[in-house]
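The block underneath contains the structure these notes are about, expressed in structure tokens.
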Amino acid sequence: MELYCLKCNYMDIIIQHLGFQTSESLDNFIREKVNTLKSDKIVRANVALYLASEGNPENQVCEIRLEIPGNDLFVKKGSVHFETSVSECVDVLQTQLRKTRDKNRDRRQGNEDKIQDELMAGEDDGEETELEDVVK
């Protein structure tokens with residue numbers, strides 16, 4: 001098993017090759033693809049490459065785990081070539097990151113709307129509403 005830890009400009013990328021040797025060009029390809037994931041919340045990307053059973057034609061498997069605050073994102077894809085597996089994993093992770101970002105944005109927007117509604121309701125009652133009361 002080989003282990004590479006590459007420090008990128010905003011996240012660590014750990015690449016593991018389980019049970020085989022690989023070329024530097026494959027590592028560079030993985031680094032480039034993982035760096036296309038744009039999020040300031042990514043702490044680390046763990047990439048594992050391994051060969052599945054010989055009977056399966058899509059036996060070159062890539063697993064990527066993105067460590068982000070909260071729940072980590074994980075994808076596992078198999079293909080005839082490692083490059084295809086890595087590309088498929090990155091595409092799925094981009095979708096997952098977008099969904100996570102949208103969900104968090106919607107949650108924040110919902111909280112803002114609730115606070116605004118409470119403040120407006122307090123003004124309608126003629127009472128003075130404190131912001132601390134609304135946020136609780």
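Residue names in the structure tokens use chain letters A, B, ... in the order shown, residue numbers from 1 in each chain, and ligand numbers from 1 in the order shown.
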| query | Within 7 Å of Ala48 in chain A, counting only C-alpha atoms, which residues qualify if same-chain residues fewer than 2 places away don't, as a PyMOL selection string? | reply | chain A and resi 15-17+46+50+62-64
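Atom pair CA of Ser87 in chain A / CA of Arg105 in chain A: separated by 27.0 Å.
Using only C-alpha atoms, the shortest contact distance between Phe82 in chain A and any of A:Ile42, A:Thr22, A:Ile68, A:Thr100 is found at A:Thr22.
Interatomic distance, CA of Ile13 in chain A to CA of Asn71 in chain A: 18.0 Å.
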| task | May I have all residues of range 22-110 of chain A that DSSP, computed from the backbone, assigns to alpha helix (DSSP H), given as an MDAnalysis selection string? | result | chainID A and resid 24:35 82:110
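Restricting the calculation to only C-alpha atoms, the smallest distance between Leu66 in chain A and any of A:Cys89, A:Leu18, A:Ala45, A:Ile30 is found for A:Ala45.
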| said: Can you pull out every residue from range 17-107 of chain A that DSSP, working from the backbone, puts in strand (DSSP E), and format the result as a PyMOL selection string? | reply: chain A and resi 17-18+44-51+60-67+73-79
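Rounded to one decimal, CA of Gly78 in chain A and CA of Asp102 in chain A lie 28.1 Å from each other.
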| For Ile14 in chain A, which residue among A:Lys38, A:Arg65, A:Lys33, A:Arg98 is the nearest when counting only C-alpha atoms? | A:Arg65
